[in-house]
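Everything below belongs to upload-v1.txt, which stores compact mmCIF, C-alpha atoms.
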# COMPACT_ATOMS: atom_id res chain seq x y z
CA MET A 256 0.00 0.00 0.00
CA LYS A 257 1.01 3.60 -0.52
CA ILE A 258 1.38 5.71 2.63
CA ALA A 259 1.32 9.50 2.40
CA ARG A 260 2.15 12.15 4.96
CA PHE A 261 0.10 15.24 4.24
CA SER A 262 -1.41 18.39 5.63
CA LYS A 263 -4.83 19.90 5.23
CA ASP A 264 -5.76 22.92 7.30
CA GLY A 265 -2.92 22.48 9.76
CA ASP A 266 -1.07 19.57 11.33
CA PRO A 267 0.66 16.76 9.41
CA ARG A 268 -1.38 13.57 9.16
CA PHE A 269 -0.94 10.16 7.56
CA GLY A 270 -3.16 8.41 5.05
CA ILE A 271 -3.39 5.43 2.74
CA LEU A 272 -3.67 6.36 -0.92
CA ASP A 273 -6.90 4.97 -2.40
CA GLY A 274 -7.41 6.22 -5.92
CA ASP A 275 -7.80 9.98 -5.75
CA GLU A 276 -8.45 10.00 -1.99
CA LEU A 277 -6.46 9.55 1.20
CA VAL A 278 -7.90 7.25 3.88
CA VAL A 279 -6.84 9.05 7.05
CA LEU A 280 -4.95 7.08 9.71
CA THR A 281 -5.08 7.71 13.46
CA GLY A 282 -1.30 8.15 13.68
CA ASP A 283 2.06 7.34 12.13
CA PRO A 284 1.61 3.79 10.79
CA MET A 285 5.25 2.96 11.49
CA PHE A 286 4.43 3.11 15.19
CA SER A 287 0.61 3.07 15.44
CA GLY A 288 -0.44 0.60 12.77
CA TYR A 289 -3.14 1.13 10.17
CA GLU A 290 -6.20 2.06 12.22
CA THR A 291 -8.28 4.58 10.30
CA THR A 292 -10.34 7.53 11.52
CA GLY A 293 -13.13 6.92 9.00
CA GLU A 294 -12.30 10.19 7.25
CA ARG A 295 -11.34 10.52 3.60
CA VAL A 296 -9.52 13.50 2.15
CA PRO A 297 -9.49 14.20 -1.59
CA LEU A 298 -5.91 14.08 -2.81
CA ALA A 299 -6.50 17.36 -4.62
CA ASP A 300 -7.19 19.05 -1.26
CA ALA A 301 -4.07 17.69 0.48
CA LYS A 302 -0.53 18.99 0.44
CA LEU A 303 1.85 16.06 0.31
CA LEU A 304 4.79 16.32 2.71
CA ALA A 305 8.03 14.39 3.01
CA PRO A 306 6.60 10.93 3.82
CA VAL A 307 9.07 10.45 6.68
CA ILE A 308 11.48 12.61 8.65
CA PRO A 309 14.46 10.41 9.59
CA ARG A 310 15.02 10.28 13.32
CA SER A 311 18.76 10.35 13.03
CA LYS A 312 20.25 9.98 9.56
CA VAL A 313 20.11 9.49 5.84
CA VAL A 314 22.65 6.89 4.74
CA CYS A 315 23.71 7.16 1.11
CA VAL A 316 25.50 4.65 -1.09
CA GLY A 317 27.86 6.07 -3.66
CA LEU A 318 28.81 4.62 -7.05
CA ASN A 319 26.46 1.65 -6.75
CA TYR A 320 25.87 1.30 -10.51
CA ALA A 321 28.79 0.18 -12.68
CA GLU A 322 28.02 2.61 -15.51
CA HIS A 323 27.85 5.51 -13.06
CA ARG A 324 31.23 4.52 -11.63
CA SER A 325 32.69 4.64 -15.12
CA GLU A 326 31.30 8.06 -15.98
CA MET A 327 32.50 9.52 -12.65
CA ALA A 328 36.03 8.12 -13.15
CA ILE A 329 36.42 7.59 -9.40
CA ASP A 330 38.07 4.54 -7.89
CA ALA A 331 35.56 2.85 -5.62
CA PRO A 332 36.07 0.06 -3.09
CA ALA A 333 34.64 -3.40 -3.59
CA SER A 334 32.47 -2.93 -0.49
CA PRO A 335 29.63 -0.37 -0.44
CA LEU A 336 30.80 3.25 -0.33
CA ILE A 337 28.62 4.88 2.33
CA PHE A 338 28.24 8.44 3.58
CA LEU A 339 25.68 10.51 5.49
CA LYS A 340 23.32 13.36 4.76
CA PRO A 341 21.76 15.21 7.73
CA ASN A 342 18.03 14.90 8.31
CA THR A 343 17.81 18.68 7.87
CA SER A 344 18.42 18.12 4.13
CA ILE A 345 14.97 16.53 3.79
CA ILE A 346 12.18 18.24 1.87
CA GLY A 347 8.95 16.91 0.40
CA PRO A 348 7.27 16.82 -3.00
CA GLY A 349 6.89 20.20 -4.65
CA GLU A 350 9.20 21.98 -2.24
CA ALA A 351 12.02 23.98 -3.75
CA ILE A 352 15.60 22.78 -3.85
CA GLN A 353 17.51 25.83 -2.66
CA ILE A 354 20.68 26.31 -4.71
CA PRO A 355 23.43 27.76 -2.49
CA PRO A 356 25.81 30.44 -3.76
CA VAL A 357 28.70 28.12 -4.60
CA GLU A 358 30.78 27.66 -7.72
CA GLY A 359 30.04 24.87 -10.16
CA ARG A 360 27.27 22.44 -10.96
CA ILE A 361 24.32 21.35 -8.85
CA VAL A 362 23.50 17.79 -9.87
CA HIS A 363 20.43 15.56 -9.52
CA GLU A 364 20.76 11.92 -8.42
CA GLY A 365 17.47 10.03 -8.54
CA GLU A 366 17.52 6.99 -6.28
CA LEU A 367 15.45 4.25 -4.69
CA ALA A 368 15.28 4.92 -0.94
CA VAL A 369 14.72 2.28 1.72
CA VAL A 370 12.69 3.34 4.78
CA ILE A 371 13.78 1.47 7.91
CA GLY A 372 10.86 0.33 10.07
CA LYS A 373 12.49 -0.90 13.26
CA ILE A 374 15.81 -0.82 15.08
CA ALA A 375 18.39 -2.65 12.98
CA LYS A 376 21.80 -3.52 14.40
CA GLN A 377 24.15 -6.09 12.89
CA VAL A 378 21.37 -7.51 10.74
CA LYS A 379 22.08 -10.39 8.35
CA ALA A 380 21.14 -10.05 4.69
CA GLU A 381 18.78 -13.03 4.80
CA ASN A 382 16.67 -11.24 7.43
CA ALA A 383 17.22 -7.67 6.25
CA LEU A 384 13.85 -7.08 4.62
CA ASP A 385 12.15 -7.75 7.97
CA TYR A 386 13.49 -4.34 9.04
CA VAL A 387 12.10 -2.44 6.05
CA PHE A 388 8.92 -0.39 6.40
CA GLY A 389 8.79 0.50 2.72
CA TYR A 390 10.37 2.38 -0.14
CA THR A 391 10.25 5.89 -1.53
CA ILE A 392 12.04 8.08 -4.07
CA ALA A 393 14.97 10.33 -3.16
CA ASN A 394 17.07 12.92 -4.92
CA ASP A 395 20.64 12.95 -3.60
CA VAL A 396 21.30 16.53 -4.72
CA SER A 397 25.01 17.25 -4.96
CA ALA A 398 27.17 20.33 -5.44
CA ARG A 399 29.46 18.33 -7.70
CA ASP A 400 32.43 20.71 -7.91
CA GLN A 401 32.44 21.13 -4.12
CA MET A 402 32.82 17.35 -3.75
CA PHE A 403 36.12 17.45 -5.60
CA ALA A 404 37.26 20.74 -4.06
CA ASP A 405 36.72 19.47 -0.50
CA GLY A 406 38.04 15.96 -1.04
CA GLN A 407 35.04 14.60 0.89
CA TRP A 408 31.30 14.85 0.40
CA ALA A 409 29.68 16.14 3.61
CA ARG A 410 29.27 19.76 2.57
CA ALA A 411 28.55 19.10 -1.10
CA LYS A 412 25.70 16.72 -0.34
CA GLY A 413 24.52 18.01 3.02
CA TYR A 414 23.05 21.45 2.30
CA ASP A 415 19.52 22.13 3.51
CA THR A 416 16.96 20.95 0.89
CA PHE A 417 19.49 18.60 -0.77
CA CYS A 418 17.41 15.47 -0.08
CA PRO A 419 13.92 15.67 -1.57
CA ILE A 420 11.89 12.51 -0.87
CA GLY A 421 8.42 11.25 -1.73
CA PRO A 422 5.76 11.37 -2.89
CA VAL A 423 4.68 8.32 -0.85
CA ILE A 424 6.07 5.23 0.86
CA GLU A 425 5.19 1.99 -0.88
CA THR A 426 5.14 -0.77 1.74
CA GLU A 427 4.92 -3.72 -0.65
CA LEU A 428 7.45 -3.56 -3.47
CA ASP A 429 9.70 -6.02 -5.27
CA THR A 430 12.86 -3.93 -5.79
CA SER A 431 14.73 -6.48 -7.90
CA ASP A 432 14.10 -4.79 -11.28
CA LEU A 433 12.53 -1.34 -11.12
CA GLU A 434 13.02 1.34 -13.77
CA ILE A 435 14.37 4.69 -12.49
CA THR A 436 14.27 7.80 -14.66
CA THR A 437 15.25 11.40 -13.94
CA HIS A 438 14.02 14.28 -16.09
CA VAL A 439 14.78 18.00 -15.96
CA ASP A 440 12.02 20.11 -17.49
CA GLY A 441 10.87 17.00 -19.36
CA GLU A 442 14.30 16.09 -20.75
CA LEU A 443 15.57 12.62 -19.83
CA ARG A 444 18.83 12.92 -17.90
CA ARG A 445 19.30 9.60 -16.07
CA HIS A 446 17.97 6.11 -16.68
CA GLY A 447 18.60 2.73 -15.09
CA ARG A 448 17.13 -0.32 -13.42
CA THR A 449 17.59 -1.58 -9.89
CA SER A 450 18.60 -4.95 -11.34
CA ASP A 451 21.91 -3.24 -12.10
CA LEU A 452 22.64 -2.31 -8.48
CA LEU A 453 26.09 -3.59 -7.57
CA HIS A 454 25.04 -4.01 -3.93
CA LYS A 455 21.40 -5.03 -3.45
CA VAL A 456 19.09 -3.85 -0.68
CA PRO A 457 19.59 -6.79 1.74
CA GLU A 458 23.38 -6.58 1.38
CA LEU A 459 23.29 -2.83 2.01
CA ILE A 460 21.23 -3.22 5.18
CA GLU A 461 23.63 -5.88 6.49
CA TYR A 462 26.68 -3.75 5.71
CA ILE A 463 25.31 -0.46 7.03
CA SER A 464 23.76 -1.90 10.19
CA ASP A 465 27.16 -3.31 11.11
CA VAL A 466 28.51 0.26 11.08
CA TRP A 467 25.58 2.27 12.45
CA THR A 468 22.47 1.22 14.30
CA LEU A 469 19.55 2.07 12.03
CA LEU A 470 16.50 3.59 13.70
CA PRO A 471 12.86 3.61 12.57
CA GLY A 472 12.47 6.25 9.90
CA ASP A 473 16.12 6.27 8.86
CA LEU A 474 16.67 6.18 5.11
CA ILE A 475 19.10 4.30 2.91
CA LEU A 476 19.60 5.86 -0.54
CA THR A 477 20.77 3.02 -2.76
CA GLY A 478 22.66 4.96 -5.44
CA THR A 479 21.98 6.68 -8.75
CA PRO A 480 22.05 5.20 -12.25
CA ALA A 481 24.18 6.69 -15.00
CA GLY A 482 23.53 10.02 -16.63
CA LEU A 483 25.16 13.40 -16.10
CA GLY A 484 23.93 16.96 -16.17
CA GLY A 485 22.89 19.47 -13.59
CA PHE A 486 20.04 21.89 -13.09
CA VAL A 487 19.66 25.58 -12.40
CA ASP A 488 17.26 28.10 -10.93
CA GLY A 489 13.79 27.82 -12.45
CA GLN A 490 14.07 24.22 -13.62
CA THR A 491 12.12 21.25 -12.25
CA VAL A 492 13.61 17.84 -11.47
CA SER A 493 11.26 14.85 -11.84
CA ILE A 494 12.22 11.35 -10.71
CA THR A 495 10.01 8.33 -11.44
CA ILE A 496 10.37 4.81 -10.05
CA ASP A 497 8.14 1.90 -11.02
CA GLY A 498 5.55 1.13 -8.36
CA ILE A 499 6.11 4.29 -6.32
CA GLY A 500 5.32 7.28 -8.51
CA THR A 501 7.00 10.55 -9.41
CA LEU A 502 8.83 13.02 -7.17
CA GLU A 503 8.96 16.56 -8.53
CA ASN A 504 10.85 19.54 -7.11
CA PRO A 505 11.54 22.97 -8.57
CA ALA A 506 14.93 24.60 -8.12
CA ARG A 507 15.41 28.13 -6.81
CA ASN A 508 18.46 30.20 -6.06
CA ARG A 509 18.76 30.62 -2.31

Show me this structure written as structure tokens.
Amino acid sequence: MKIARFSKDGDPRFGILDGDELVVLTGDPMFSGYETTGERVPLADAKLLAPVIPRSKVVCVGLNYAEHRSEMAIDAPASPLIFLKPNTSIIGPGEAIQIPPVEGRIVHEGELAVVIGKIAKQVKAENALDYVFGYTIANDVSARDQMFADGQWARAKGYDTFCPIGPVIETELDTSDLEITTHVDGELRRHGRTSDLLHKVPELIEYISDVWTLLPGDLILTGTPAGLGGFVDGQTVSITIDGIGTLENPARNR
């Protein structure tokens, strides 16, 4: 099922997407289950929000598609290359990516994101999916030239608004072969399939949970397929993943 976090006339609420309506839930389904209030809200009347705000961290996986490794011309280890984005980088569907006043390109990276559903520490791959609440779309926005200037990625990938996610969380999804596309103002920029992931979701959860304890609501961004090109003020980035939907965000100079 598709879970949305939304607002209508005030506080954030949660709902199950049912056609063009949201079936309103009594609380956050990650913690409160799927009890409904009996209310339905037309999707047209709701403002979709980031479907989850990570409690502690967004864990990203770099260079997890072979073709992307080649185009980046960066030596990568055989094990997953992981790094962090702060939870303050999160924004929801339709919110503006704020481009900071830095030199060089601002780049889109459309990715499948794993939403952790319960505390995961030193989890084995064979049991890893038991710790997944669902999946959403993420854009690992990157100030590409700052990555190379700094020699590490924290600043370049950690700016406020540099992690749009949404539009919903899909709780039941086979991630073995999903198409991922990224468009800028309708122009195709990136394309790939999750079948080409070098490190699959269960392996990533095992590897990451051996380093950091994963908490409910934490995100794992699994990596971007090949395709280069940035975006500028006034353009809109659209990322589509089979079975989840489309995440759209405009870009604005800060």

**Prompt:** With only C-alpha atoms as the basis for distance, which of A:Ile374, A:Leu277, A:Leu474, A:Val387 is at the shortest distance from Leu428 (chain A)?
**Reply:**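 Nearest candidate to Leu428 (chain A) out of A:Ile374, A:Leu277, A:Leu474, A:Val387: A:Val387.
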
**Item:** Polymer residues at most 10 Å from (30.9, 18.6, -9.1) by only C-alpha atoms, as a PyMOL selection string
**Value:** chain A and resi 327+358-362+397-404+411+485

**Prompt:** Which residues come within 7 Å of Pro505 (chain A), counting all atoms listed in the file, excluding same-chain residues fewer than 5 positions away, as a list in words?
**Reply:**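 Contacts, in chain order: Gly349, Glu350, Ala351, Ile352, Gly489, Gln490, Thr491 and Val492 of chain A.
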
**Request:** Between CA of Leu318 (chain A) and CA of Ile424 (chain A), measure the distance and give it in Å to one decimal.
**Result:**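 Those two atoms sit 24.1 Å apart.
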
**Message:** Excluding Asp264 (chain A) and its own-chain neighbours fewer than 3 positions away, which residues fall within 10 Å of it when counting all atoms listed in the file? Please give them as a list in words.
**Reply:**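 Using all atoms listed in the file, the neighbours found are Pro267, Asp300, Ala301 and Lys302 of chain A.
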
Would you mind listing, for every residue of region 333-437 of chain A within 8 Å of region 304-314 of chain A, the two atoms forming the shortest contact and the distance between them in Å to one decimal, using all atoms listed in the file, sorted by chain and ascending residue number, as a tab-separated table?
residue	atom	partner	partner_atom	distance
A:Ile337	CA	A:Val314	CA	6.7
A:Phe338	CA	A:Val314	CA	5.9
A:Leu339	CA	A:Val314	CA	4.8
A:Lys340	CA	A:Val313	CA	5.1
A:Pro341	CA	A:Lys312	CA	5.7
A:Asn342	CA	A:Lys312	CA	5.5
A:Ile345	CA	A:Ile308	CA	7.2
A:Ile346	CA	A:Ala305	CA	5.8
A:Gly347	CA	A:Ala305	CA	3.7
A:Pro348	CA	A:Leu304	CA	6.2
A:Pro419	CA	A:Ala305	CA	7.6
A:Ile420	CA	A:Ala305	CA	5.8
A:Gly421	CA	A:Ala305	CA	5.7
A:Pro422	CA	A:Pro306	CA	6.8
A:Val423	CA	A:Pro306	CA	5.7
A:Ile424	CA	A:Pro306	CA	6.4

**Message:** I'd like the neighbourhood of region 458-473 of chain A as a list in words, where a residue qualifies if any of its atoms comes within 6 Å (using only C-alpha atoms), though same-chain residues fewer than 2 positions away should be ignored.
**Reply:**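 Near neighbours after the sequence-gap exclusion: Pro309, Arg310, Lys312, Val313, Val370, Ile371, Gly372, Lys373, Ile374, Ala375, Lys376, Gln377, Val378, Lys379, Ala380, Lys455 and Val456 of chain A.
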
With C-alpha atoms retained, export the selected residues as an mmCIF file, keeping the file's coordinate frame.
data_model
loop_
_atom_site.group_PDB
_atom_site.id
_atom_site.type_symbol
_atom_site.label_atom_id
_atom_site.label_comp_id
_atom_site.auth_asym_id
_atom_site.auth_seq_id
_atom_site.Cartn_x
_atom_site.Cartn_y
_atom_site.Cartn_z
ATOM 1 C CA PRO A 309 14.460 10.410 9.590
ATOM 2 C CA ARG A 310 15.020 10.280 13.320
ATOM 3 C CA LYS A 312 20.250 9.980 9.560
ATOM 4 C CA VAL A 313 20.110 9.490 5.840
ATOM 5 C CA VAL A 370 12.690 3.340 4.780
ATOM 6 C CA ILE A 371 13.780 1.470 7.910
ATOM 7 C CA GLY A 372 10.860 0.330 10.070
ATOM 8 C CA LYS A 373 12.490 -0.900 13.260
ATOM 9 C CA ILE A 374 15.810 -0.820 15.080
ATOM 10 C CA ALA A 375 18.390 -2.650 12.980
ATOM 11 C CA LYS A 376 21.800 -3.520 14.400
ATOM 12 C CA GLN A 377 24.150 -6.090 12.890
ATOM 13 C CA VAL A 378 21.370 -7.510 10.740
ATOM 14 C CA LYS A 379 22.080 -10.390 8.350
ATOM 15 C CA ALA A 380 21.140 -10.050 4.690
ATOM 16 C CA LYS A 455 21.400 -5.030 -3.450
ATOM 17 C CA VAL A 456 19.090 -3.850 -0.680
#

**Asked** Could you state the separation of CA of Thr477 (chain A) and CA of Asp283 (chain A) in Å, given to one decimal place?
**Response**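 Between these atoms lies a distance of 24.3 Å.
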
Which residues come within 10 Å of Asp432 (chain A), counting all atoms listed in the file, excluding same-chain residues fewer than 6 positions away, as a compact mmCIF listing (two decimals) with C-alpha atoms, keeping the file's coordinate frame?
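Result written to part.txt:
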# COMPACT_ATOMS: atom_id res chain seq x y z
CA GLY A 447 18.60 2.73 -15.09
CA ARG A 448 17.13 -0.32 -13.42
CA THR A 449 17.59 -1.58 -9.89
CA SER A 450 18.60 -4.95 -11.34
CA ASP A 451 21.91 -3.24 -12.10
CA LEU A 452 22.64 -2.31 -8.48
CA ASP A 497 8.14 1.90 -11.02

**Request:** Please measure the separation of CA of Ala368 (chain A) and CA of Thr437 (chain A), giving the value in Å to one decimal.
**Result:**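 The value is 14.5 Å.
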
**Prompt:** Residues at most 10 Å from Arg509 (chain A), counting only C-alpha atoms, excluding those fewer than 6 positions away in the same chain, as number ranges by chain?
**Reply:** A: 351-356, 488

**Sphere at (9.7, 9.6, -5.8), radius 6 Å, counting only C-alpha atoms: residues as a list in words** =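 Those residues lying close to the given coordinates are Thr391, Ile392, Ala393, Gly421, Pro422, Ile494, Thr495, Gly500, Thr501 and Leu502 of chain A.
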
**Request:** Determine the nearest neighbour of Ile435 (chain A) from the options A:Tyr414, A:Leu303, A:Ala321, A:Gly482, counting all atoms listed in the file.
**Result:**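 Under the stated criterion, the closest residue is A:Gly482.
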
**Closest of A:Val396, A:Ile271, A:Ala259, A:Ala383 to Ala409 (chain A) - atom-to-atom distances counting only C-alpha atoms** = A:Val396
